[in-house]
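Heads up, the thing below is written out as structure tokens.
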Amino acid sequence: MDFTYTILIPLIPLAVFLILGIGSLKIKENVAGIVGVAGLLTSTILSYYTAFQYFFNVGKVNGIYQTFVEQTRWMNFTDTLHIDMGVLIDPISVMMLVVVSTISLMVHLYSRGYMHGDQGFTRFFAYLSLFSFSMYGLVLATNLFQIYIFWELVGVSSFLLIGYYYTKPSAVAASKKAFIVTRFADFGFLMGILMIGYYTGTFDFMTLNNPTALQDLTSPIMQNAGITFMGFSVITTALVLIFAGGAGKSAMFPLHIWLPDAMEGPTPVSALIHAATMVVAGVYLVARLFPMFYFVEGGIALEVVAYVGGFSSLIAALIALTQHDIKRVLAFSTMSQIGYMMMALGISGYGDVDGLGFTASMFHLFTHAMFKALLFLGAGSVIHAVHSNVLQDMGGLRKYMPITNITFLIAALAIAGVPPFAGFFSKDEILAAAYESNQLLFWVEWVVAGLTAFYMFRLYFGIFWGKDTIYKHTPHESPLSMTLPLMFLAVVSAIAGFVPFSQFISPDLVGYTTHIHMNIAAMSVGVGVLGIAIAWIMYKKETNIADKISSAFGFLYQWTFRKFYIDELYLFITREIIFKRIAQPFAWFDKKVVDGTMNLIGNSTVDASKKIKGLQSGKVQDYAFAFISGVVIIVMVFIYFMN
């Protein structure tokens, strides 16, 4: 089947961006909303049609899912090294099309109500379309350079959306922080791409991920894998650098500091970018290059992915326990769940059953996108009603917002891993894969599962139960434009776990059947129920238990509340070391030595010119006097030497 038409999926949002962006001052709010939703709806229909055709009609041949590539040559470096632009259709790119389309469409619909009356409504929808275009281009990329181009466009879109309220200093600071931190990560990504291109002679995913070549020691890739740099092969070093780019975009430790500040953007932005789509770009990048990560040098780069993911998951869950801003709790929850996905990729094998970690990671990416977007949109509905992000300003909202209450509860149950909601199935597979591959990481993620259930129900009970808060204005349920996406995502969060995901997504493209691992499922459900029960006791009714516990933990509570002082550490390194110890001496040298030398030369020239400028006075008598004097002196010198 010809999948050339899929190029329209990213091009339609691009056209919408240009229309709304150019006419942002003239196009009215209702027109902008209709155009934005219609464009995304068209791309969504095409994405679902592509998924249906690929998975159920033409994708599988002789039991193996095929990869379809449509591309054109864009730029040549050498006969073999070139950059192409096109679309790559395979199981994970098709799955990502469904995820991006679903969440983007729900956010577009939701934003019509949430952003109603905002002066920049049209501009906001233009930014949403630019982001959708960038994300589509990223997941359909056929080579490393194409994915890098759209990777940077996603960063630009994120910058614009986080800083949407550009008159608000905290939003401007957050957008700059996100942009700068991810630029450092993307520099590593670019270095990795250049190293891969130089040593393998290609950027093409089909060539780089060829398992036959990766297992053949005489192939160009594996021959160059033997070239070492600082004790590691250059290909392994390149893969770790590429992962650094993914770690920055997916907010993995220690490049996670931008994510909580990014909550300064409108809440629909948090749902679209920082919960379901952009932050999983790093996971998708590792999955896209998974054969290389697995086969090169015994998977050393993959071990880095596993341990960074596991540590990020734990530290984010601990921080989420103590935060008061409901969006920041969800932000650290996102970081923790992305860590789950990274860890699962890092401990995965390549075969069918051995590839459970890969499948589980992609499955959790799919389910997490649905219930985390639901959590953010639910939080937005609450903020829209009470005009505050702070948990202490809320309570008893179930009586005023029944739809938001039920949908938020479904999402909380899903992320807590309670059956039969979606998160139970994907999290069970991750824990099962970890149990078989790495016991340390299994126990870490088992503890994280309990912490996740606790902080999510701390959030739920604090918002919808707890104390009966007296509000200045009586809260009310959000309009249908906002509650309809909530209800849709709640249904998906409830049933998505029943998708036979492993039959569609596996590292070797074959597909297989998985089963619930009852022992591990019992452990994960047990620790999740324990977390919910503790949250029930502490937060369902107004008590002082939480205050007593936080006081008892003392400095440990403060460390988690202050996010382990990682932001302060970055500021110390930046201000005290880079600026004062490095930048200031260089600035002094530049000002005093370099500029001083140039100024000395210039000033000396000016002084000399002042002293000799009288020689060119413009007066004829001065010139005549000088001429006659010169002649007399020459004659006298001549006579002197003649004698």
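Letters A, B, ... go to the chains of the structure tokens in the order shown; residues in each chain start at 1; ligands are counted from 1 in the same order.
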
inquiry  = Please extract the residues of stretch 211-383 of chain A with a backbone DSSP assignment of strand (DSSP E) and present them as a PyMOL selection string.
reply    = chain A and resi 228-229+232-233

Output C-alpha atoms of each residue in that selection to a file, as a short mmCIF file (atom, residue, chain, number, x, y, z; two decimals), in the first residue's frame.
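out05.cif, written as the output of this step:
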data_model
loop_
_atom_site.label_atom_id
_atom_site.label_comp_id
_atom_site.auth_asym_id
_atom_site.auth_seq_id
_atom_site.Cartn_x
_atom_site.Cartn_y
_atom_site.Cartn_z
CA THR A 228 37.42 3.48 21.00
CA PHE A 229 37.17 6.89 22.60
CA PHE A 232 34.27 3.19 25.00
CA SER A 233 33.50 2.60 21.36
#

ask   = Among stretch 416-449 of chain A, which residues carry a DSSP assignment of alpha helix (DSSP H), reported as a PyMOL selection string?
value = chain A and resi 422-437+439-449

Serialized selection, N, CA, C and O atoms, as a compact mmCIF listing (two decimals), in the first residue's frame:
# COMPACT_ATOMS: atom_id res chain seq x y z
N ALA A 422 -6.32 1.20 32.77
CA ALA A 422 -5.24 0.98 31.79
C ALA A 422 -3.86 0.89 32.42
O ALA A 422 -3.04 0.06 32.01
N GLY A 423 -3.60 1.74 33.41
CA GLY A 423 -2.26 1.76 33.99
C GLY A 423 -1.86 0.45 34.64
O GLY A 423 -0.66 0.12 34.70
N PHE A 424 -2.83 -0.32 35.12
CA PHE A 424 -2.52 -1.61 35.74
C PHE A 424 -1.82 -2.53 34.76
O PHE A 424 -0.81 -3.17 35.10
N PHE A 425 -2.32 -2.64 33.55
CA PHE A 425 -1.79 -3.59 32.58
C PHE A 425 -0.39 -3.20 32.11
O PHE A 425 0.51 -4.05 32.04
N SER A 426 -0.19 -1.92 31.77
CA SER A 426 1.12 -1.50 31.27
C SER A 426 2.16 -1.50 32.38
O SER A 426 3.31 -1.92 32.18
N LYS A 427 1.78 -1.09 33.60
CA LYS A 427 2.73 -1.08 34.70
C LYS A 427 3.09 -2.51 35.12
O LYS A 427 4.24 -2.80 35.47
N ASP A 428 2.12 -3.42 35.05
CA ASP A 428 2.38 -4.82 35.38
C ASP A 428 3.44 -5.41 34.46
O ASP A 428 4.34 -6.14 34.89
N GLU A 429 3.36 -5.07 33.17
CA GLU A 429 4.33 -5.60 32.21
C GLU A 429 5.72 -5.02 32.46
O GLU A 429 6.73 -5.72 32.33
N ILE A 430 5.79 -3.74 32.83
CA ILE A 430 7.09 -3.14 33.14
C ILE A 430 7.72 -3.82 34.35
O ILE A 430 8.90 -4.19 34.35
N LEU A 431 6.94 -4.01 35.40
CA LEU A 431 7.46 -4.65 36.61
C LEU A 431 7.85 -6.10 36.33
O LEU A 431 8.86 -6.59 36.87
N ALA A 432 7.08 -6.79 35.50
CA ALA A 432 7.41 -8.18 35.16
C ALA A 432 8.73 -8.24 34.40
O ALA A 432 9.58 -9.11 34.66
N ALA A 433 8.93 -7.31 33.46
CA ALA A 433 10.18 -7.28 32.70
C ALA A 433 11.35 -6.96 33.63
O ALA A 433 12.43 -7.56 33.51
N ALA A 434 11.16 -6.02 34.56
CA ALA A 434 12.23 -5.67 35.50
C ALA A 434 12.55 -6.83 36.44
O ALA A 434 13.71 -7.07 36.76
N TYR A 435 11.52 -7.55 36.86
CA TYR A 435 11.74 -8.68 37.77
C TYR A 435 12.62 -9.75 37.13
O TYR A 435 13.46 -10.36 37.79
N GLU A 436 12.43 -9.95 35.82
CA GLU A 436 13.21 -10.97 35.12
C GLU A 436 14.62 -10.50 34.78
O GLU A 436 15.52 -11.32 34.61
N SER A 437 14.84 -9.18 34.71
CA SER A 437 16.11 -8.66 34.20
C SER A 437 16.99 -8.00 35.24
O SER A 437 18.21 -8.12 35.18
N GLN A 439 16.76 -7.12 39.42
CA GLN A 439 16.01 -7.13 40.67
C GLN A 439 16.08 -5.78 41.39
O GLN A 439 15.09 -5.35 42.00
N LEU A 440 17.22 -5.10 41.34
CA LEU A 440 17.35 -3.81 41.99
C LEU A 440 16.34 -2.82 41.43
O LEU A 440 15.60 -2.17 42.18
N LEU A 441 16.30 -2.72 40.10
CA LEU A 441 15.36 -1.79 39.48
C LEU A 441 13.92 -2.21 39.71
O LEU A 441 13.02 -1.37 39.81
N PHE A 442 13.67 -3.52 39.79
CA PHE A 442 12.31 -3.99 40.08
C PHE A 442 11.84 -3.45 41.42
O PHE A 442 10.73 -2.91 41.54
N TRP A 443 12.66 -3.60 42.47
CA TRP A 443 12.23 -3.16 43.79
C TRP A 443 12.12 -1.64 43.87
O TRP A 443 11.23 -1.11 44.56
N VAL A 444 12.98 -0.93 43.14
CA VAL A 444 12.86 0.53 43.09
C VAL A 444 11.51 0.92 42.49
O VAL A 444 10.77 1.75 43.06
N GLU A 445 11.16 0.30 41.37
CA GLU A 445 9.91 0.66 40.70
C GLU A 445 8.69 0.16 41.47
O GLU A 445 7.61 0.75 41.39
N TRP A 446 8.85 -0.92 42.23
CA TRP A 446 7.75 -1.39 43.08
C TRP A 446 7.45 -0.36 44.16
O TRP A 446 6.29 -0.05 44.45
N VAL A 447 8.50 0.20 44.77
CA VAL A 447 8.31 1.26 45.76
C VAL A 447 7.69 2.49 45.11
O VAL A 447 6.78 3.12 45.67
N VAL A 448 8.16 2.83 43.90
CA VAL A 448 7.61 3.99 43.18
C VAL A 448 6.13 3.79 42.91
O VAL A 448 5.34 4.75 42.97
N ALA A 449 5.70 2.56 42.63
CA ALA A 449 4.28 2.28 42.39
C ALA A 449 3.45 2.66 43.62
O ALA A 449 2.37 3.26 43.49

Could you name the residues that touch A:Ile505 at 6 Å or less, counting only C-alpha atoms, but leaving out those on the same chain fewer than 2 positions away, as a short mmCIF file (atom, residue, chain, number, x, y, z; two decimals) with N, CA, C and O atoms, in the first residue's frame?
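Dumped to out-v1.cif:
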data_model
loop_
_atom_site.label_atom_id
_atom_site.label_comp_id
_atom_site.auth_asym_id
_atom_site.auth_seq_id
_atom_site.Cartn_x
_atom_site.Cartn_y
_atom_site.Cartn_z
N PRO A 91 5.40 0.03 13.29
CA PRO A 91 4.49 -0.05 14.43
C PRO A 91 4.59 1.10 15.41
O PRO A 91 3.56 1.64 15.86
N THR A 359 8.16 -3.65 24.70
CA THR A 359 6.71 -3.61 24.51
C THR A 359 6.03 -2.89 25.66
O THR A 359 5.14 -2.06 25.46
N SER A 502 0.95 -6.20 22.74
CA SER A 502 2.14 -6.96 22.35
C SER A 502 2.01 -7.61 20.98
O SER A 502 3.01 -7.96 20.36
#

Extract, using only C-alpha atoms, all DNA, RNA and protein residues at most 9 Å from A:Arg398, discarding same-chain residues fewer than 4 positions from it, and format them as an mmCIF file with N, CA and C atoms, in the first residue's frame.
data_model
loop_
_atom_site.group_PDB
_atom_site.id
_atom_site.type_symbol
_atom_site.label_atom_id
_atom_site.label_comp_id
_atom_site.auth_asym_id
_atom_site.auth_seq_id
_atom_site.Cartn_x
_atom_site.Cartn_y
_atom_site.Cartn_z
ATOM 1 N N PRO A 402 -19.177 17.359 39.565
ATOM 2 C CA PRO A 402 -19.300 15.890 39.558
ATOM 3 C C PRO A 402 -18.584 15.209 38.395
ATOM 4 N N ILE A 403 -18.625 15.808 37.210
ATOM 5 C CA ILE A 403 -17.977 15.186 36.043
ATOM 6 C C ILE A 403 -16.461 15.219 36.207
ATOM 7 N N THR A 404 -15.932 16.371 36.601
ATOM 8 C CA THR A 404 -14.489 16.476 36.829
ATOM 9 C C THR A 404 -14.052 15.514 37.925
ATOM 10 N N ASN A 405 -14.870 15.383 38.968
ATOM 11 C CA ASN A 405 -14.566 14.483 40.080
ATOM 12 C C ASN A 405 -14.434 13.035 39.602
ATOM 13 N N ILE A 406 -15.418 12.548 38.870
ATOM 14 C CA ILE A 406 -15.418 11.148 38.427
ATOM 15 C C ILE A 406 -14.285 10.890 37.443
ATOM 16 N N ILE A 463 -8.379 17.713 46.684
ATOM 17 C CA ILE A 463 -9.170 18.566 45.792
ATOM 18 C C ILE A 463 -10.663 18.334 45.989
ATOM 19 N N PHE A 464 -11.088 17.097 45.990
ATOM 20 C CA PHE A 464 -12.517 16.789 45.905
ATOM 21 C C PHE A 464 -13.155 16.392 47.242
ATOM 22 N N TRP A 465 -12.350 16.101 48.264
ATOM 23 C CA TRP A 465 -12.882 15.732 49.565
ATOM 24 C C TRP A 465 -12.273 16.669 50.606
#

Could you list, with a cut-off of 10 Å and counting only C-alpha atoms, the residues of stretch 255-374 of chain A near stretch 198-221 of chain A, each shown with its nearest atom pair and the distance in Å rounded to one decimal, rows sorted by chain and ascending number, as a tab-separated table?
residue	atom	partner	partner_atom	distance
A:Arg288	CA	A:Phe205	CA	7.9
A:Leu289	CA	A:Asn209	CA	6.4
A:Phe290	CA	A:Asn209	CA	7.6
A:Pro291	CA	A:Asn209	CA	5.4
A:Met292	CA	A:Asn209	CA	6.0
A:Phe293	CA	A:Asn209	CA	9.4
A:Tyr294	CA	A:Leu214	CA	9.3
A:Phe295	CA	A:Leu214	CA	6.2
A:Val296	CA	A:Leu214	CA	7.2
A:Tyr350	CA	A:Pro211	CA	9.7

remark   = Students should find that atom CA of A:Val100 and atom CA of A:Val154 are spaced 12.7 Å

Near stretch 266-278 of chain A, 7 Å: stretch 347-424 of chain A residue rows, closest pairs, only C-alpha atoms, as JSON lines:
{"residue": "A:Ala369", "atom": "CA", "partner": "A:Ala276", "partner_atom": "CA", "distance": 4.2}
{"residue": "A:Lys372", "atom": "CA", "partner": "A:Ala275", "partner_atom": "CA", "distance": 5.9}
{"residue": "A:Ala373", "atom": "CA", "partner": "A:Ala271", "partner_atom": "CA", "distance": 4.7}
{"residue": "A:Phe376", "atom": "CA", "partner": "A:Ala271", "partner_atom": "CA", "distance": 5.2}
{"residue": "A:Leu377", "atom": "CA", "partner": "A:Ala271", "partner_atom": "CA", "distance": 6.3}
{"residue": "A:Gly380", "atom": "CA", "partner": "A:Thr267", "partner_atom": "CA", "distance": 5.4}

request  = Extract, using only C-alpha atoms, all DNA, RNA and protein residues at most 8 Å from A:Ala51, discarding same-chain residues fewer than 2 positions from it, and format them as JSON, numbers by chain.
outcome  = {"A": [47, 48, 49, 53, 54, 55, 94, 95, 98]}

request  = Enter the distance from atom CA of A:Val37 to atom CA of A:Ser481, in Å, rounded to one decimal.
outcome  =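 Going from atom CA of A:Val37 over to atom CA of A:Ser481 covers 11.7 Å.
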
query = What is the distance, in Å and to one decimal place, between atom CA of A:Ser506 and atom CA of A:Ile193?
reply =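 Going from atom CA of A:Ser506 over to atom CA of A:Ile193, I get 25.0 Å.
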
query = From the list A:Leu345, A:Ala331, A:Val16, A:Leu8, which residue is nearest A:Phe243 when using only C-alpha atoms?
reply =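 Nearest candidate to A:Phe243 out of A:Leu345, A:Ala331, A:Val16, A:Leu8: A:Leu345.
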
key: For A:Ala173, the nearest of the candidates A:Phe421, A:Tyr127, A:Phe589, A:Phe159, counting only C-alpha atoms   = A:Phe159
